[in-house]
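Down below is the structure, laid out as structure tokens.
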2 protein chains.
Amino acid sequence: MKGVFYPKSVAVVGVSANPDNLGRNIMLNLIDFGFDGIVYPVGPKGGAITTRRIYKSVVDIPDHVDMAVILVPARFVPQVMEDCGQKGVKTAIIETAGFREYSEEGRKIEDEVVRIAKEHEIRFIGPNCIGVINMENGFCVPFPRLTPFIRKGEVSIISQSGGVGLSIMNHMAVEGIGLNKFASVGNMLNIDAEDLLEYYIEDEGTKTIFMYLESIRDGRRLMDLAKGSPKPILVLKSNIGQLGQSVAASHTASLSSDDRVVDTAFQQCGITRVHDVTTLSQYMKTLRLPLLKNKRLAIISRSGGHAIVAADACETVGFELAEFPESFIRDIEKHFRASVIKLTNPLDLGDLFDLDVYFRIVEETLAQENVDGVVFLHTSVARTEHDPTKNLVGKLESLSKKFNKPVAVYVSANSSEVASLRRTFDFPIFTHIVEMFRALKLDYDHSQAITITASKEVSPTFVVEKQKVQQLIDTASKENRDLLLNEAVDVLEYYGIPTSRGSKAVSAEQSRDAADEVGYPVAMKVISGQISHKSDVGGVQLNLHSGEAVREAFNDMKSGIEEAFPQARFDGVMIQPMAVGGRELILGGRQDEQFGPVILVGLGGIFVEIFEQATMRIAPVSKSEAYLMIEELNGSQILMGARGSKRFDIEAVVDAILHLSQLLTDFPQIQELDINPLRIFHEEEGCLALDARIIL
Amino acid sequence: MKGVFYPKSVAVVGVSANPDNLGRNIMLNLIDFGFDGIVYPVGPKGGAITTRRIYKSVVDIPDHVDMAVILVPARFVPQVMEDCGQKGVKTAIIETAGFREYSEEGRKIEDEVVRIAKEHEIRFIGPNCIGVINMENGFCVPFPRLTPFIRKGEVSIISQSGGVGLSIMNHMAVEGIGLNKFASVGNMLNIDAEDLLEYYIEDEGTKTIFMYLESIRDGRRLMDLAKGSPKPILVLKSNIGQLGQSVAASHTASLSSDDRVVDTAFQQCGITRVHDVTTLSQYMKTLRLPLLKNKRLAIISRSGGHAIVAADACETVGFELAEFPESFIRDIEKHFRASVIKLTNPLDLGDLFDLDVYFRIVEETLAQENVDGVVFLHTSVARTEHDPTKNLVGKLESLSKKFNKPVAVYVSANSSEVASLRRTFDFPIFTHIVEMFRALKLDYDHSQAITITASKEVSPTFVVEKQKVQQLIDTASKENRDLLLNEAVDVLEYYGIPTSRGSKAVSAEQSRDAADEVGYPVAMKVISGQISHKSDVGGVQLNLHSGEAVREAFNDMKSGIEEAFPQARFDGVMIQPMAVGGRELILGGRQDEQFGPVILVGLGGIFVEIFEQATMRIAPVSKSEAYLMIEELNGSQILMGARGSKRFDIEAVVDAILHLSQLLTDFPQIQELDINPLRIFHEEEGCLALDARIIL
């Protein structure tokens, strides 16, 4: 993959001397960005450009060529690729549009391109992209005319839209954030976003990775790569609208829209999802600072008002103001005139105007053990302070490195002053207080996430009766139907998830006998492949107290359903003992197209219906993840024993989650699974699946 | 108040020729901003500055002086004010610091200044502020040296911190947002923030008002002014941390922290609270556009990727994509080459490069009746497009005016291109898509709020037994105690809030008799001025089914409490009928220092305890506000009859809210009032206060 970013000799195919020619733009970009290799312009008309000969074909180039950048009409691309193959070019960037995304004809050309590339073992980016920028060697081949607008830095980008990628680089330039590498991936016929991510994770110059994605091709691979990445990965995932509109057949499905699954997956593998460019650029800045390892900050401010705003933001995002020990206050007191300003955190520098003293105060503050980071607010920079300010910022940068603690420098000044500081230092200059604290919070979260990911807990595997489940599924698949209620309950039992058991009965008498056996009162539920919402059709009878009541209920249910839903096949009923006490949860899972099996848990009843509360994880789920799923539920305090009430059997639910995770992982055929309700009892009393649906 | 911003002759007091002199900065600022009046420098040493004579005292100035800007050490301020009085100066800005905020001595000087100002009828801003800027006449007197850094525009600012105010103006300058007037208010000894707000609301040049507040002095006046303002008012209210720490004695108090009250009050009077400068500046921009009257937007984009990001944002903030009728699509189709791009909303301009065509498409789109606003995304502006882009933006501005619909123009380009557009047009140029949509949402909300505020619904007044409540409160006040349980219940009854009645009993026999009268089962609750959490001390017995049980319960309760809490006076018990069925709410109120009586409602039980859910309004509450309080409750669907269940008697709760609002308004002596629970029954079955606490 390195060849994509570090070619030594490049053919730009599609160049003419015409000022409107886009290939010409690529040539000029390479020159302006100071590309350190050799460039060969290629164009059918020949001629000259920037005092260079334009070759009529790649094969005419007298020297070896590492890479071809191709921007010719789509119908000519196969020939150019063929030429590249002849010439031994092993890497290409195809910027041309007008393929699959354009027409059926285009799709055919695309297939042809793929075939030729395969034949000649050419790896390529595109088509339908704006190409690549590498700030390390000046390799800059997007077709819009660019001048060096952004500094070299540590952020590398993968973008599924060239336009959005350029916009984000413009924002980075304004904020003084440096770029390392950029790649616009286009139709991803050969090299895809995950391939590039894998490369960036290893790439030395890249410290932070940003991806703009409109779709996710291989969610599992993305997760695996991210889990193994020591570098922070930020993703702006768009195109959420239409995905959310898929029709939901079960609770689980409606509570786990594709976009919520993306959120869950990202969280699980340590990807930080951003939703706007403001957050993105703030975060890119804080990530350049040493990690914030704990929550105790010191705020040092030249302006009282800014100190107040900062203290608010500090509290709002959940940080603490470090307490300054008396001895430390004595130490810094000597810098102040005999004034009445109370030295505390936030520290108001008040009428102290000596910037060298600021530096010494920050140094002494960073040396405090209970200070995890410093926010320095530098305001209203007068023109006479231009040079001292530059001097101070430089010193703060080295202090941050020396103490390995973040020093977040906020500057309020006019735009030219800020721009000048950003030109001078490859060190983040913040201009928005609240936004800066939000980003520091993300930074802190990242430092915590790294610790968690590092633990690499393995999901447990249980001994289960896989073969029996396989048989049930095979039978149902053959009959082209979902599992029946009694089968679904069996599946749970085979996989170690406790159910309220019960037995199937196909007549009034069998029902009564079954009820006699399980003990009164009992619940009766219809078994039918055609009925998914049992209670809506009178298919559920609760609290039946006698054999007579059971007989009657059976006959009523059977005739009622047969009359109202003649199209439904009545396969009998399930007789279950009534569960008493406890609380209801919903437990479920489904297969996601991008990420595979997803497990979901929610509080039952009005919680799930009105608050739409549920937490998710991509399977396989680890034990601590399963605990977290429950803890994260808004209202989980009820289960944990809030306000002196008895704790519920959380461990039993964790166990059920882990077994369900194994079931969904073992059987990708199970499209959706709902356990609704899962009744949970008090500590050590377990939980029971009272009802189950399995859709294949 | 106009004199503060439009003086004709100004004395700047505290000027010397020393380059470090801050008074000199003020002089130079006035010159650089092109002040249209006459300026007289004043300083004790005399001399000359900018070829002007420095007068030794205000009284030496030969001409009439409208305004004095004072920046001399605090101890000299009284004399300068005295001089101003002598000279007949009626307006002053005192920028000097070192008063009340500095020392006891400073406080004394401050008092002296107030006295002199009163004697001579001088109105003044400050002290301890950075003064005023008026872009209409170049009156610019902050002491930091400023060059004209911001364009003249329509936003006027009141800031309780000079530093924060300057920072925000710097941000506005970057975003191309114009300033009309700025005032830093300092210690507000004479002219305060509300006075300035009142002026800005009337001021012709001001179209949008922004306030930075660290405290609220007169919440009621602020609300009244805001309610009467046709101009949008944005407030960034800081200093929330310490306020939130006040110890809470009741549910109502803990659920209505001072900062939540601020939120409520602002919402009620139509003030938009912003929490960060990004949102603030985006909102200042959208407010410059015509109001967005409905939710149907058209997105027109040069880049497919940007269109996707915009469509997401459109959906996320709750807007709709206007549907384009077939006839309209036929109309705009003629602008496109015979391409396969599907013309829909968002409209991808694809390979259409003619900026004049863009203009015509936007015009045709705006002409559509079902399009309420257009978002135009202009990306990757090439250098050759510099002039056509300027031309286009100018035309889009006039289209927006012509159709009186917002056209939000987003531009992605390098910073100098954006800066150049912003210099050219006094029309908002957005550079962040998601943030722009969020701001458009605020704009839409504002257009809705205007409609609501315009209705000016009056809060109802009921016939109540005020005199009787007065007596109860007077008695308790005299005895220096809060109201007892039975008194609190009486107060509610006197004010038309239904309670479960019941009667007081002081012996076992009386209790039994009372129970016989109300009917079994009954509840028994202790009455004691010293016991606030009755159930914690065994002071509540529920479901007593017989006279014997009542007698026993009385004796147990009395002896138990007397033994465990000998310090508590046992004033008897309350015997109430047991309320059956229904759901529990909590209804309460308290006096807020800034805003007066606040009414609160929440769902009872775990909802209030775990989710901390409650909604509030500042009293007096109107009928539709009371409805909204219930509707806004997260989970209110339960009461409204969600999923086929029966609706509860919302009207009864509305009625109780309105009566409570009247009670708290009539009796500011009531510090806190908790009705917990208020039992609400099904439709037309009313509600009942089962328990009540009133703290004086």
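In the structure tokens, chains take the letters A, B, ... in the order shown, each chain's residues start at 1, and ligands count up from 1 in the order shown.
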
Quiz item: Which chain B residues are at most 8 Å from chain A (counting only C-alpha atoms), as a PyMOL selection string?
Solution: chain B and resi 102-103+144-145+149+160-164+166-167+170+174+238-241+275-278+303-306+308-309+311-312+315+340-341+379-380+382+412-415+432-435+606+610-611+634-635+637-638

Write the selection just made, keeping C-alpha atoms, as a tab-separated table (two decimals), in the first residue's frame?
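Heads up, here's the output in out_0.tsv:
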chain	number	residue	atom	x	y	z
B	102	TYR	CA	-11.46	45.13	45.19
B	103	SER	CA	-11.64	46.34	48.79
B	144	PRO	CA	-7.75	48.25	24.89
B	145	ARG	CA	-6.35	49.66	21.67
B	149	PHE	CA	-11.94	45.08	13.26
B	160	GLN	CA	-21.11	41.55	31.91
B	161	SER	CA	-17.46	40.87	31.09
B	162	GLY	CA	-15.44	43.14	28.87
B	163	GLY	CA	-13.02	40.34	28.00
B	164	VAL	CA	-15.72	37.89	26.97
B	166	LEU	CA	-14.27	41.36	23.03
B	167	SER	CA	-13.75	37.66	22.35
B	170	ASN	CA	-13.57	38.79	17.42
B	174	VAL	CA	-14.26	36.19	11.55
B	238	SER	CA	-22.51	31.63	32.68
B	239	ASN	CA	-21.57	31.13	36.32
B	240	ILE	CA	-23.80	28.10	36.62
B	241	GLY	CA	-21.50	25.99	38.75
B	275	HIS	CA	-24.10	27.60	25.51
B	276	ASP	CA	-21.17	28.08	23.19
B	277	VAL	CA	-19.83	30.60	20.74
B	278	THR	CA	-20.15	28.29	17.73
B	303	SER	CA	-21.15	18.14	-4.45
B	304	GLY	CA	-22.86	14.80	-3.89
B	305	GLY	CA	-21.06	14.21	-0.62
B	306	HIS	CA	-22.12	17.56	0.79
B	308	ILE	CA	-25.66	13.63	1.77
B	309	VAL	CA	-24.26	15.38	4.85
B	311	ALA	CA	-29.76	15.63	4.03
B	312	ASP	CA	-28.66	13.87	7.22
B	315	GLU	CA	-33.43	14.95	9.08
B	340	VAL	CA	-28.64	10.39	-15.88
B	341	ILE	CA	-28.56	12.33	-12.62
B	379	THR	CA	-18.08	23.84	-2.92
B	380	SER	CA	-14.49	23.85	-4.10
B	382	ALA	CA	-11.80	27.43	-8.19
B	412	SER	CA	-16.45	25.44	1.05
B	413	ALA	CA	-13.29	27.16	-0.11
B	414	ASN	CA	-9.98	28.22	1.30
B	415	SER	CA	-10.06	30.78	4.07
B	432	HIS	CA	-20.24	24.35	8.55
B	433	ILE	CA	-23.17	22.28	7.24
B	434	VAL	CA	-24.40	20.54	10.37
B	435	GLU	CA	-24.00	23.62	12.54
B	606	ILE	CA	-39.16	6.04	40.05
B	610	ILE	CA	-34.33	7.99	39.10
B	611	PHE	CA	-34.90	10.04	35.99
B	634	ASN	CA	-40.74	12.51	29.25
B	635	GLY	CA	-43.20	9.64	29.69
B	637	GLN	CA	-47.68	9.41	26.92
B	638	ILE	CA	-48.61	7.17	29.85

Quiz prompt | All strand (DSSP E or B) residues (DSSP, backbone) inside region 410-597 of chain B, as an NGL selection string | solution = :B and (410-412 or 429-430 or 499 or 503-505 or 522-526 or 540-544 or 573-577 or 583-592 or 596-597)

Quiz prompt | Within 10 Å of Gly581 (chain A) using only C-alpha atoms, minus same-chain residues under 3 positions, as a ChimeraX atom specification | solution = /A:578,584,679-682

Quiz item: Rounded to one decimal in Å, what is the spacing between CA of Leu28 (chain A) and CA of Ser301 (chain B)?
Solution: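 Calculated distance between CA of Leu28 (chain A) and CA of Ser301 (chain B) is 27.4 Å.
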
Self-check item: Selection: 6 Å around region 479-482 of chain A, only C-alpha atoms, excl. self and same-chain fewer than 3 positions, as a list in words
Solution: Ala476, Ile695 and Leu696 of chain A

Exercise. Excluding Lys468 (chain A) and any residue of its chain fewer than 6 positions from it, enumerate the residues within 10 Å of it, using only C-alpha atoms, and give them as a PyMOL selection string.
Key: chain A and resi 474+490-491+494-495

Filtering to N, CA and C atoms, could you give me those residues as a PDB file, in the first residue's frame?
ATOM      1  N   ASP A 474     -32.886 -26.317  10.581  1.00  0.00           N
ATOM      2  CA  ASP A 474     -32.900 -26.970   9.272  1.00  0.00           C
ATOM      3  C   ASP A 474     -34.328 -27.333   8.864  1.00  0.00           C
ATOM      4  N   ASP A 490     -37.464 -24.007  22.956  1.00  0.00           N
ATOM      5  CA  ASP A 490     -36.481 -25.097  23.004  1.00  0.00           C
ATOM      6  C   ASP A 490     -35.073 -24.604  22.658  1.00  0.00           C
ATOM      7  N   VAL A 491     -35.004 -23.782  21.631  1.00  0.00           N
ATOM      8  CA  VAL A 491     -33.692 -23.259  21.224  1.00  0.00           C
ATOM      9  C   VAL A 491     -33.022 -22.561  22.398  1.00  0.00           C
ATOM     10  N   TYR A 494     -31.791 -25.122  24.837  1.00  0.00           N
ATOM     11  CA  TYR A 494     -30.593 -25.808  24.339  1.00  0.00           C
ATOM     12  C   TYR A 494     -29.346 -24.928  24.511  1.00  0.00           C
ATOM     13  N   TYR A 495     -29.548 -23.606  24.507  1.00  0.00           N
ATOM     14  CA  TYR A 495     -28.407 -22.710  24.641  1.00  0.00           C
ATOM     15  C   TYR A 495     -28.309 -22.114  26.054  1.00  0.00           C
TER      16      TYR A 495
END

Quiz item: What lies within 9 Å of Val458 (chain A) using only C-alpha atoms, ignoring chain neighbours under 2 positions off, as a PyMOL selection string?
Solution: chain A and resi 456+460+620-623

Exercise. Give me every alpha helix (DSSP H) residue in region 395-563 of chain B, going by DSSP on the backbone, as an MDAnalysis selection string.
Key: chainID B and resid 395:403 415:424 433:455 466:478 485:494 508:518 547:563

Quiz item: Pick from B:Lys395, B:Arg438, B:His386, B:Arg221: nearest to Val418 (chain B), with only C-alpha atoms counted?
Solution: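 Result for the nearest residue to Val418 (chain B): B:His386.
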
Exercise. Would you list the contacts of Asp224 (chain A) as a list in words, taking every protein, DNA or RNA residue within 12 Å and counting only C-alpha atoms, but skipping same-chain residues closer than 3 positions in sequence?
Key: Glu194, Leu197, Glu198, Ile201, Asp218, Gly219, Arg220, Arg221, Lys227, Gly228, Ser229, Ala265, Phe266, Gln268, Cys269, Gly270, Ile271, Thr453, Lys456, Phe595 and Ile618 of chain A

Practice problem: In Å, rounded to a single decimal, give me how far CA of Leu225 (chain B) is from CA of Gly153 (chain B). | Solution: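 That distance, rounded to one decimal, is 22.7 Å.
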
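If you look at CA of Val10 (chain B) and CA of Ser184 (chain B), they are 18.0 Å away from each other.
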
Quiz item: With distances taken over only C-alpha atoms, which of B:Val653, B:Ile158, B:Leu663, B:Val132 is nearest to Ala488 (chain B)?
Solution: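 Going through B:Val653, B:Ile158, B:Leu663, B:Val132 one by one, the smallest distance to Ala488 (chain B) is for B:Leu663.
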
Exercise. Could you tell me which of A:Leu287, A:Ile473, A:Val580, A:Ile191 comes closest to Lys441 (chain A) if we count only C-alpha atoms?
Key: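 Using only C-alpha atoms, the shortest distance to Lys441 (chain A) belongs to A:Leu287.
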
Practice problem: Choose the residue, out of B:Ala298, B:Ala692, B:Val409, B:Val113, that has the smallest atom-to-atom separation from Lys534 (chain B); count only C-alpha atoms. | Solution: B:Ala692
